[in-house]
Amino acid sequence: MQNVNWVALVIFVALFAFITWLGFAAAHWRKGDLEHLHEWGLGGRRFGTLITWFLIGGDVYTAYTFIAVPALAFGAGAVAFFAVPYTVLMYLVLFLVFPRIWRVCHKHGYITAADFVRGRFGNRWLALAVTVTGMVATMPYIALQLVGVQVVVGALGIGGSGLAADLPLIAAFLILAAFTYTSGLRAPASIAIVKDILIYLTTFAAVVVIPVQLGGFAKIFSAVPAQKLLLAVPGPNTTGAYGAYATLVLGSTFAIFLYPHCMTGILSASSAHAVRRNAALLPGYSFMLGLLALLGFFAIAAGVASLPEYAAGFKQFGNNFAVPALIMHSFPDWFVGLAFAAIGIGALVPASIMSIAAANLYTRNIHREFVNPAPTPAQETQMAKWVSLIIKAGALVFILFVPTKYAIDLQLLGGIWIIQTMPAVMLGAFTRWFNSWALLAGWAVGTLVGTLMAAATNLTPTYPLALAGYTFPGYTALYTLILNLLIAVALTPLINAMRAGQAADQTADADYRG
Amino acid sequence: MNRSQGRQGGWSWWYLLFLVLFAVCLWPPFYNRAEPYFIGIPFFYWFQLLLVIVGAILTAVVYVATDR
């Protein structure tokens with residue numbers, strides 16, 4: 001690795017010190033009794049439209065996104081832009097579905113999706129399925145955030161071997177663990193404001209400065225190889241790259257807000273209006289993400305991959321090094337420090353929310369449901385704090401000792417798994433027509449078949465579905481969601497006929513309306 | 001008051017606007033082309049960035065229309 005970039009490092013460390021202080025100070029922000037789980041784990045549901053904007057933005061657009069989406073554009077080209085229509089459509093889903101979920105959760109004091117499913121369907125096993133899926137899908141996601149930190153720290157020139165190389169990551173982890181433990185969701189909410197301002201600054205500077213340096217957009221795009229510039233036009237008897245692109249968009253659209261950390265962000269809003277308003281305001285982040293994706297092409301045009309000073313970085317981190325290399329190549333050292341801090345802090349915010357969300361799930365839907373049904377609020381909150389620590393420690397150990405590739409593979413599988421909770425959570429917000437056991441069967445089959453399909457394609461996101469002489473390559477998560485739904489629809493009347501009665505619905509129609 | 005309550009969380013014809021956006025986003029042949037360029041950016045890229053803005057405006061319109 002190249003020499004340490006001192007100017008950048010000093011700015012990077014200073015910004016980290018600032019957000020560490022902010023994370024601890026946040027405990028006193030909009031003060032509530034942090035011995036209650038909805039205070040620690042949902043910020044007391046007190047965040048208005050603006051804070052919710054920062055929080056969900058900081059939550060959905062993770063450090064890994066900032067590294068991986070441009071890296072995909074750099075390596076594979078046009079397909080990386082699926083992130084743009086996906087983040088357009090997901091806010092329509094947010095607008096249509098999640099105000100209802102917010103209202104019913106607020107009314108009944110639910111703090112997780114599994115709480116809602118438990119109340120709506122009265123089936124603890126279906127709630128357990130939602131809980132376990134959420135937790136399992138979240139863990140590799142946290143690990144990937146730490147990969148984001150690893151890449152920028154490596155780019156700053158802090159290398160070495162053995163423990164020394166891992167020290168910055170361990171330090172970042174300790175900071176993250178400590179402020180999450182003390183301040184709960186208030187910490188990432190306040191840090192998200194700093195992170196997002198830095199990210200917007202970096203992105204807009206990059207989109208203005210780098211094209212000027214490289215001689216304009218026309219020159220940049222002419223440097224991109226033709227097969228990367230657009231999607232390949234499908235051949236006969238297949239939907240080809242078009243089908244893959246569209247199904248990736250649609251599947252991701254349904255999956256994203258099912259992730260526990262996104263649900264936590266939504267439920268911490270102070271009203272359903274704040275959620276609805278944010279559906280119109282959050283596309284600001286999508287626009288930025290689209291610009292960021294273009295950085296992959298800037299990196300191609302700048303030719304950073306063939307510069308000797310970045311060879312070691314590309315060797316270690318692959319295409320994920322494209323954006324850090326481009327930033328170092330194009331900006332003065334002080335700005336590099338700022339940009340890398342944006343990515344590093346951008347890792348801590350979602351990682352913190354993810355660990356809180358997973359801890360809420362364990363505490364409410366496993367411990368309370370199956371171990372101790374009547375904890376005091378203080379006991380419940382203490383449990384969640386410990387679990388959030390354990391989950392983060394698990395992610396750290398994973399990143400330190402397991403090759404990054406497995407975290408990426410598991411995150412891909414996580415997308416296939418989490419979407420299987422869509423019928424219970426999202427359709428459950430509109431109807432109780434489904435039988436809860438039929439939903440559980442659909443979830444089980446979807447999860448199993450999805451995992452097998454992913455294994456059959458060597459853990460790539462798309463599966464070449466063959467039907468009647470046609471091939472439909474498409475996102476495995478979406479295909480298995482369709483299978484899941486078919487099973488739930490087919491089994492519902494059957495199981496209803498077999499069983500005398502269903503458990504009561506704790507929620508009423510009016511609970512979903514404003 | 002009651003009317004707006006009834007509509008919030010219920011159905012509104014305004015939501016059909018979203019259907020148009022879904023259809024456009026999910027039909028790649030519609031935008032998978034380089035021409036026309038905008039300040040050197042191929043259509044594929046600037047069009048989808050434009051969709052972000054259109055989506056935000058549409059959502060804002062539907063928000064206002066269904067709020068009262």
# chains A, B, ... in the order shown; residues from 1 in each chain; ligands from 1

$ closest_atom_pairs --of "chain B" --to "chain A" --cutoff "8 Å" --atoms "only C-alpha atoms" --output "JSON lines"
{"residue": "B:Gln5", "atom": "CA", "partner": "A:Gly514", "partner_atom": "CA", "distance": 5.4}
{"residue": "B:Gly6", "atom": "CA", "partner": "A:Arg513", "partner_atom": "CA", "distance": 7.1}
{"residue": "B:Gln8", "atom": "CA", "partner": "A:Gly514", "partner_atom": "CA", "distance": 5.4}
{"residue": "B:Gly9", "atom": "CA", "partner": "A:Arg513", "partner_atom": "CA", "distance": 4.8}
{"residue": "B:Gly10", "atom": "CA", "partner": "A:Arg513", "partner_atom": "CA", "distance": 7.2}
{"residue": "B:Phe18", "atom": "CA", "partner": "A:Leu92", "partner_atom": "CA", "distance": 6.9}
{"residue": "B:Leu21", "atom": "CA", "partner": "A:Leu89", "partner_atom": "CA", "distance": 7.7}
{"residue": "B:Phe22", "atom": "CA", "partner": "A:Leu89", "partner_atom": "CA", "distance": 6.6}
{"residue": "B:Cys25", "atom": "CA", "partner": "A:Pro85", "partner_atom": "CA", "distance": 5.7}
{"residue": "B:Leu26", "atom": "CA", "partner": "A:Ala246", "partner_atom": "CA", "distance": 4.9}
{"residue": "B:Trp27", "atom": "CA", "partner": "A:Ala246", "partner_atom": "CA", "distance": 6.8}
{"residue": "B:Pro28", "atom": "CA", "partner": "A:Tyr242", "partner_atom": "CA", "distance": 5.7}
{"residue": "B:Pro29", "atom": "CA", "partner": "A:Tyr242", "partner_atom": "CA", "distance": 7.0}
{"residue": "B:Asn32", "atom": "CA", "partner": "A:Leu230", "partner_atom": "CA", "distance": 6.2}
{"residue": "B:Arg33", "atom": "CA", "partner": "A:Leu230", "partner_atom": "CA", "distance": 6.8}
{"residue": "B:Ala34", "atom": "CA", "partner": "A:Leu230", "partner_atom": "CA", "distance": 7.4}
{"residue": "B:Ile39", "atom": "CA", "partner": "A:Phe217", "partner_atom": "CA", "distance": 6.7}
{"residue": "B:Gly40", "atom": "CA", "partner": "A:Ala218", "partner_atom": "CA", "distance": 3.9}
{"residue": "B:Ile41", "atom": "CA", "partner": "A:Phe217", "partner_atom": "CA", "distance": 5.9}
{"residue": "B:Pro42", "atom": "CA", "partner": "A:Phe221", "partner_atom": "CA", "distance": 7.8}
{"residue": "B:Phe44", "atom": "CA", "partner": "A:Leu230", "partner_atom": "CA", "distance": 7.2}
{"residue": "B:Tyr45", "atom": "CA", "partner": "A:Phe81", "partner_atom": "CA", "distance": 7.6}
{"residue": "B:Gln48", "atom": "CA", "partner": "A:Pro85", "partner_atom": "CA", "distance": 6.5}
{"residue": "B:Leu49", "atom": "CA", "partner": "A:Phe287", "partner_atom": "CA", "distance": 6.2}
{"residue": "B:Leu51", "atom": "CA", "partner": "A:Val88", "partner_atom": "CA", "distance": 7.2}
{"residue": "B:Val52", "atom": "CA", "partner": "A:Val88", "partner_atom": "CA", "distance": 5.5}
{"residue": "B:Ile53", "atom": "CA", "partner": "A:Pro283", "partner_atom": "CA", "distance": 7.3}
{"residue": "B:Gly55", "atom": "CA", "partner": "A:Val88", "partner_atom": "CA", "distance": 6.1}
{"residue": "B:Ala56", "atom": "CA", "partner": "A:Ala280", "partner_atom": "CA", "distance": 4.7}
{"residue": "B:Ile57", "atom": "CA", "partner": "A:Ala280", "partner_atom": "CA", "distance": 7.0}
{"residue": "B:Leu58", "atom": "CA", "partner": "A:Ala280", "partner_atom": "CA", "distance": 7.9}
{"residue": "B:Thr59", "atom": "CA", "partner": "A:Ala280", "partner_atom": "CA", "distance": 5.1}
{"residue": "B:Ala60", "atom": "CA", "partner": "A:Ala280", "partner_atom": "CA", "distance": 5.3}
{"residue": "B:Tyr63", "atom": "CA", "partner": "A:Arg276", "partner_atom": "CA", "distance": 7.0}

$ write_last_selection --atoms "N, CA and C atoms" --output "mmCIF file, in the first residue's frame"
data_model
loop_
_atom_site.group_PDB
_atom_site.id
_atom_site.type_symbol
_atom_site.label_atom_id
_atom_site.label_comp_id
_atom_site.auth_asym_id
_atom_site.auth_seq_id
_atom_site.Cartn_x
_atom_site.Cartn_y
_atom_site.Cartn_z
ATOM 1 N N GLN B 5 -60.266 11.786 6.566
ATOM 2 C CA GLN B 5 -59.851 10.607 7.324
ATOM 3 C C GLN B 5 -60.144 9.336 6.548
ATOM 4 N N GLY B 6 -61.307 9.324 5.918
ATOM 5 C CA GLY B 6 -61.688 8.143 5.171
ATOM 6 C C GLY B 6 -60.723 7.884 4.026
ATOM 7 N N GLN B 8 -57.484 8.950 3.772
ATOM 8 C CA GLN B 8 -56.119 8.633 4.205
ATOM 9 C C GLN B 8 -56.022 7.149 4.508
ATOM 10 N N GLY B 9 -55.132 6.467 3.803
ATOM 11 C CA GLY B 9 -54.979 5.041 4.042
ATOM 12 C C GLY B 9 -55.966 4.228 3.225
ATOM 13 N N GLY B 10 -56.880 4.888 2.569
ATOM 14 C CA GLY B 10 -57.801 4.185 1.691
ATOM 15 C C GLY B 10 -57.389 4.366 0.236
ATOM 16 N N PHE B 18 -49.092 6.650 -10.124
ATOM 17 C CA PHE B 18 -47.929 5.829 -9.781
ATOM 18 C C PHE B 18 -47.761 4.668 -10.750
ATOM 19 N N LEU B 21 -45.656 5.482 -13.637
ATOM 20 C CA LEU B 21 -44.230 5.508 -13.310
ATOM 21 C C LEU B 21 -43.659 4.090 -13.224
ATOM 22 N N PHE B 22 -44.446 3.191 -12.603
ATOM 23 C CA PHE B 22 -44.020 1.790 -12.542
ATOM 24 C C PHE B 22 -43.810 1.249 -13.952
ATOM 25 N N CYS B 25 -40.609 2.717 -15.597
ATOM 26 C CA CYS B 25 -39.378 2.217 -14.969
ATOM 27 C C CYS B 25 -39.119 0.751 -15.310
ATOM 28 N N LEU B 26 -40.197 -0.027 -15.440
ATOM 29 C CA LEU B 26 -40.026 -1.475 -15.608
ATOM 30 C C LEU B 26 -39.988 -1.896 -17.075
ATOM 31 N N TRP B 27 -39.884 -0.936 -17.987
ATOM 32 C CA TRP B 27 -39.826 -1.269 -19.411
ATOM 33 C C TRP B 27 -38.513 -0.745 -20.014
ATOM 34 N N PRO B 28 -37.391 -1.451 -19.763
ATOM 35 C CA PRO B 28 -36.080 -0.956 -20.202
ATOM 36 C C PRO B 28 -35.963 -0.637 -21.692
ATOM 37 N N PRO B 29 -36.677 -1.388 -22.613
ATOM 38 C CA PRO B 29 -36.515 -1.045 -24.035
ATOM 39 C C PRO B 29 -36.846 0.419 -24.303
ATOM 40 N N ASN B 32 -33.408 2.251 -23.083
ATOM 41 C CA ASN B 32 -32.084 1.681 -23.298
ATOM 42 C C ASN B 32 -31.503 2.153 -24.642
ATOM 43 N N ARG B 33 -31.156 3.431 -24.720
ATOM 44 C CA ARG B 33 -30.584 3.979 -25.953
ATOM 45 C C ARG B 33 -29.641 5.111 -25.591
ATOM 46 N N ALA B 34 -28.710 5.390 -26.463
ATOM 47 C CA ALA B 34 -27.724 6.446 -26.188
ATOM 48 C C ALA B 34 -28.223 7.809 -26.659
ATOM 49 N N ILE B 39 -25.894 17.215 -22.651
ATOM 50 C CA ILE B 39 -24.544 17.645 -22.266
ATOM 51 C C ILE B 39 -23.557 16.471 -22.242
ATOM 52 N N GLY B 40 -23.651 15.614 -23.253
ATOM 53 C CA GLY B 40 -22.686 14.516 -23.373
ATOM 54 C C GLY B 40 -23.068 13.249 -22.656
ATOM 55 N N ILE B 41 -24.209 13.304 -21.917
ATOM 56 C CA ILE B 41 -24.650 12.115 -21.173
ATOM 57 C C ILE B 41 -25.648 11.331 -22.026
ATOM 58 N N PRO B 42 -25.439 10.008 -22.201
ATOM 59 C CA PRO B 42 -26.383 9.219 -22.998
ATOM 60 C C PRO B 42 -27.785 9.212 -22.374
ATOM 61 N N PHE B 44 -29.952 6.913 -21.737
ATOM 62 C CA PHE B 44 -30.167 5.901 -20.703
ATOM 63 C C PHE B 44 -29.942 6.475 -19.309
ATOM 64 N N TYR B 45 -28.907 7.293 -19.167
ATOM 65 C CA TYR B 45 -28.541 7.803 -17.843
ATOM 66 C C TYR B 45 -29.336 9.048 -17.454
ATOM 67 N N GLN B 48 -33.147 8.324 -16.739
ATOM 68 C CA GLN B 48 -33.463 7.702 -15.449
ATOM 69 C C GLN B 48 -33.245 8.684 -14.298
ATOM 70 N N LEU B 49 -32.252 9.568 -14.443
ATOM 71 C CA LEU B 49 -32.089 10.611 -13.421
ATOM 72 C C LEU B 49 -33.294 11.551 -13.423
ATOM 73 N N LEU B 51 -36.275 10.641 -14.214
ATOM 74 C CA LEU B 51 -37.375 9.898 -13.585
ATOM 75 C C LEU B 51 -37.406 10.110 -12.077
ATOM 76 N N VAL B 52 -36.221 10.285 -11.488
ATOM 77 C CA VAL B 52 -36.154 10.535 -10.037
ATOM 78 C C VAL B 52 -36.907 11.819 -9.711
ATOM 79 N N ILE B 53 -36.640 12.856 -10.516
ATOM 80 C CA ILE B 53 -37.282 14.149 -10.280
ATOM 81 C C ILE B 53 -38.786 14.047 -10.535
ATOM 82 N N GLY B 55 -40.591 11.394 -10.324
ATOM 83 C CA GLY B 55 -41.172 10.600 -9.240
ATOM 84 C C GLY B 55 -41.425 11.446 -8.001
ATOM 85 N N ALA B 56 -40.462 12.312 -7.682
ATOM 86 C CA ALA B 56 -40.602 13.153 -6.491
ATOM 87 C C ALA B 56 -41.758 14.130 -6.667
ATOM 88 N N ILE B 57 -41.850 14.744 -7.852
ATOM 89 C CA ILE B 57 -42.924 15.716 -8.101
ATOM 90 C C ILE B 57 -44.289 15.029 -8.057
ATOM 91 N N LEU B 58 -44.360 13.867 -8.694
ATOM 92 C CA LEU B 58 -45.607 13.100 -8.723
ATOM 93 C C LEU B 58 -46.062 12.746 -7.313
ATOM 94 N N THR B 59 -45.101 12.299 -6.501
ATOM 95 C CA THR B 59 -45.440 11.926 -5.127
ATOM 96 C C THR B 59 -45.940 13.142 -4.355
ATOM 97 N N ALA B 60 -45.271 14.283 -4.592
ATOM 98 C CA ALA B 60 -45.692 15.505 -3.902
ATOM 99 C C ALA B 60 -47.113 15.883 -4.321
ATOM 100 N N TYR B 63 -49.495 13.545 -2.755
ATOM 101 C CA TYR B 63 -49.561 13.848 -1.314
ATOM 102 C C TYR B 63 -50.537 14.990 -1.053
#

$ select_by_dssp --residues "chain B" --states "alpha helix (DSSP H)" --output "PyMOL selection string"
chain B and resi 2-7+16-25+43-67

$ closest_residue --among "A:Leu267, A:Val489, A:Leu410, A:Ala187" --to "A:Ile111" --atoms "only C-alpha atoms"
A:Leu267

$ closest_atom_pairs --of "stretch 51-131 of chain A" --to "stretch 164-185 of chain A" --cutoff "12 Å" --atoms "only C-alpha atoms" --output "tab-separated table"
residue	atom	partner	partner_atom	distance
A:Ile51	CA	A:Leu185	CA	11.8
A:Thr52	CA	A:Leu185	CA	11.6
A:Leu55	CA	A:Leu185	CA	9.4
A:Ile56	CA	A:Leu185	CA	11.8
A:Asp59	CA	A:Leu185	CA	11.3

$ atom_distance --atom1 "atom CA of A:Ala468" --atom2 "atom CA of A:Ile416"
25.1 Å

$ residues_around --residues "A:Ala80" --least-positions-apart "5" --cutoff "9 Å" --atoms "only C-alpha atoms" --output "compact mmCIF listing (two decimals) with C-alpha atoms, in the first residue's frame"
# COMPACT_ATOMS: atom_id res chain seq x y z
CA VAL A 69 -22.87 0.86 -6.97
CA PRO A 70 -20.09 2.85 -8.74
CA ALA A 71 -17.91 -0.27 -8.53
CA LEU A 72 -20.60 -2.15 -10.42
CA ALA A 73 -20.78 0.62 -13.03
CA PHE A 74 -16.99 0.52 -13.27
CA ALA A 293 -23.08 5.61 -9.99

$ residues_around --residues "A:Tyr310" --least-positions-apart "3" --cutoff "9 Å" --atoms "only C-alpha atoms" --output "VMD selection string"
chain A and resid 1 to 2 155 304 to 307 313 to 315 321 325

$ select_by_dssp --residues "stretch 306-511 of chain A" --states "strand (DSSP E or B)" --output "MDAnalysis selection string"
chainID A and resid 462:467 470:475

$ residues_around --residues "A:Val152" --least-positions-apart "3" --cutoff "9 Å" --atoms "only C-alpha atoms" --output "ChimeraX atom specification"
/A:147-149,155-157,321,324,340-341,343-344

$ write_last_selection --atoms "N, CA and C atoms" --output "PDB file, in the first residue's frame"
ATOM      1  N   VAL A 147     -16.846  -3.405   5.769  1.00  0.00           N
ATOM      2  CA  VAL A 147     -16.007  -3.480   4.567  1.00  0.00           C
ATOM      3  C   VAL A 147     -15.801  -2.086   3.985  1.00  0.00           C
ATOM      4  N   GLY A 148     -16.874  -1.288   4.007  1.00  0.00           N
ATOM      5  CA  GLY A 148     -16.766   0.098   3.535  1.00  0.00           C
ATOM      6  C   GLY A 148     -15.686   0.861   4.287  1.00  0.00           C
ATOM      7  N   VAL A 149     -15.668   0.696   5.615  1.00  0.00           N
ATOM      8  CA  VAL A 149     -14.644   1.349   6.429  1.00  0.00           C
ATOM      9  C   VAL A 149     -13.254   0.840   6.033  1.00  0.00           C
ATOM     10  N   ALA A 155      -7.296   2.867   1.763  1.00  0.00           N
ATOM     11  CA  ALA A 155      -6.926   3.897   0.790  1.00  0.00           C
ATOM     12  C   ALA A 155      -6.161   5.046   1.433  1.00  0.00           C
ATOM     13  N   LEU A 156      -6.416   5.298   2.721  1.00  0.00           N
ATOM     14  CA  LEU A 156      -5.675   6.349   3.421  1.00  0.00           C
ATOM     15  C   LEU A 156      -4.230   5.947   3.659  1.00  0.00           C
ATOM     16  N   GLY A 157      -3.909   4.696   3.394  1.00  0.00           N
ATOM     17  CA  GLY A 157      -2.526   4.259   3.490  1.00  0.00           C
ATOM     18  C   GLY A 157      -2.187   3.603   4.814  1.00  0.00           C
ATOM     19  N   PHE A 321     -12.357  -0.545  -5.085  1.00  0.00           N
ATOM     20  CA  PHE A 321     -11.347   0.499  -4.899  1.00  0.00           C
ATOM     21  C   PHE A 321     -11.498   1.623  -5.926  1.00  0.00           C
ATOM     22  N   PRO A 324     -12.584   5.184  -4.244  1.00  0.00           N
ATOM     23  CA  PRO A 324     -11.483   5.777  -3.469  1.00  0.00           C
ATOM     24  C   PRO A 324     -10.307   6.207  -4.354  1.00  0.00           C
ATOM     25  N   PHE A 340     -13.560  10.645   2.390  1.00  0.00           N
ATOM     26  CA  PHE A 340     -13.425   9.321   2.999  1.00  0.00           C
ATOM     27  C   PHE A 340     -14.134   9.274   4.346  1.00  0.00           C
ATOM     28  N   ALA A 341     -14.104  10.409   5.078  1.00  0.00           N
ATOM     29  CA  ALA A 341     -14.850  10.453   6.341  1.00  0.00           C
ATOM     30  C   ALA A 341     -16.334  10.273   6.057  1.00  0.00           C
ATOM     31  N   ILE A 343     -17.674   8.504   3.736  1.00  0.00           N
ATOM     32  CA  ILE A 343     -17.932   7.084   3.510  1.00  0.00           C
ATOM     33  C   ILE A 343     -17.828   6.306   4.824  1.00  0.00           C
ATOM     34  N   GLY A 344     -16.797   6.620   5.612  1.00  0.00           N
ATOM     35  CA  GLY A 344     -16.604   5.912   6.886  1.00  0.00           C
ATOM     36  C   GLY A 344     -17.765   6.153   7.842  1.00  0.00           C
TER      37      GLY A 344
END

$ decode --residues "stretch 167-194 of chain A" --atoms "N, CA and C atoms" --output "CSV table (one decimal), in the first residue's frame"
chain,number,residue,atom,x,y,z
A,167,LEU,N,-6.5,-2.7,13.3
A,167,LEU,CA,-6.8,-1.8,14.4
A,167,LEU,C,-7.8,-0.7,14.1
A,168,PRO,N,-7.7,0.0,12.9
A,168,PRO,CA,-8.6,1.1,12.6
A,168,PRO,C,-10.1,0.6,12.6
A,169,LEU,N,-10.3,-0.6,12.1
A,169,LEU,CA,-11.6,-1.2,12.0
A,169,LEU,C,-12.1,-1.5,13.4
A,170,ILE,N,-11.2,-2.0,14.2
A,170,ILE,CA,-11.6,-2.3,15.6
A,170,ILE,C,-12.0,-1.0,16.3
A,171,ALA,N,-11.2,0.0,16.1
A,171,ALA,CA,-11.5,1.3,16.7
A,171,ALA,C,-12.8,1.8,16.3
A,172,ALA,N,-13.1,1.8,14.9
A,172,ALA,CA,-14.4,2.2,14.4
A,172,ALA,C,-15.5,1.4,15.1
A,173,PHE,N,-15.3,0.2,15.2
A,173,PHE,CA,-16.3,-0.7,15.8
A,173,PHE,C,-16.6,-0.3,17.3
A,174,LEU,N,-15.5,0.0,18.0
A,174,LEU,CA,-15.7,0.4,19.4
A,174,LEU,C,-16.5,1.7,19.6
A,175,ILE,N,-16.2,2.6,18.7
A,175,ILE,CA,-16.9,3.9,18.7
A,175,ILE,C,-18.4,3.6,18.4
A,176,LEU,N,-18.6,2.9,17.4
A,176,LEU,CA,-20.0,2.5,17.0
A,176,LEU,C,-20.8,1.8,18.1
A,177,ALA,N,-20.1,0.8,18.7
A,177,ALA,CA,-20.7,0.1,19.8
A,177,ALA,C,-21.1,1.0,21.0
A,178,ALA,N,-20.1,1.8,21.3
A,178,ALA,CA,-20.3,2.6,22.6
A,178,ALA,C,-21.4,3.6,22.4
A,179,PHE,N,-21.4,4.4,21.3
A,179,PHE,CA,-22.5,5.4,21.2
A,179,PHE,C,-23.9,4.8,21.0
A,180,THR,N,-23.9,3.6,20.3
A,180,THR,CA,-25.2,3.0,20.1
A,180,THR,C,-25.7,2.5,21.4
A,181,TYR,N,-24.8,1.9,22.3
A,181,TYR,CA,-25.2,1.4,23.6
A,181,TYR,C,-25.8,2.5,24.4
A,182,THR,N,-25.1,3.6,24.5
A,182,THR,CA,-25.6,4.7,25.4
A,182,THR,C,-26.8,5.5,24.9
A,183,SER,N,-26.8,5.8,23.6
A,183,SER,CA,-27.8,6.8,23.1
A,183,SER,C,-28.9,6.1,22.3
A,184,GLY,N,-28.7,4.9,21.9
A,184,GLY,CA,-29.8,4.2,21.1
A,184,GLY,C,-29.9,4.9,19.8
A,185,LEU,N,-31.1,5.0,19.2
A,185,LEU,CA,-31.4,5.5,17.9
A,185,LEU,C,-31.1,7.0,17.7
A,186,ARG,N,-31.1,7.7,18.9
A,186,ARG,CA,-30.7,9.1,18.8
A,186,ARG,C,-29.3,9.4,18.2
A,187,ALA,N,-28.4,8.4,18.5
A,187,ALA,CA,-27.0,8.6,18.0
A,187,ALA,C,-27.0,8.6,16.5
A,188,PRO,N,-27.4,7.5,15.8
A,188,PRO,CA,-27.3,7.5,14.4
A,188,PRO,C,-28.2,8.6,13.8
A,189,ALA,N,-29.3,9.0,14.4
A,189,ALA,CA,-30.1,10.0,13.8
A,189,ALA,C,-29.4,11.4,13.8
A,190,SER,N,-28.6,11.7,14.9
A,190,SER,CA,-27.9,12.9,14.9
A,190,SER,C,-26.6,12.9,13.9
A,191,ILE,N,-26.0,11.7,14.0
A,191,ILE,CA,-24.8,11.6,13.1
A,191,ILE,C,-25.1,11.5,11.6
A,192,ALA,N,-26.3,11.0,11.3
A,192,ALA,CA,-26.8,11.0,9.9
A,192,ALA,C,-26.8,12.4,9.3
A,193,ILE,N,-27.1,13.4,10.1
A,193,ILE,CA,-27.1,14.7,9.6
A,193,ILE,C,-25.7,15.1,9.1
A,194,VAL,N,-24.7,14.9,9.9
A,194,VAL,CA,-23.3,15.2,9.5
A,194,VAL,C,-22.9,14.3,8.3
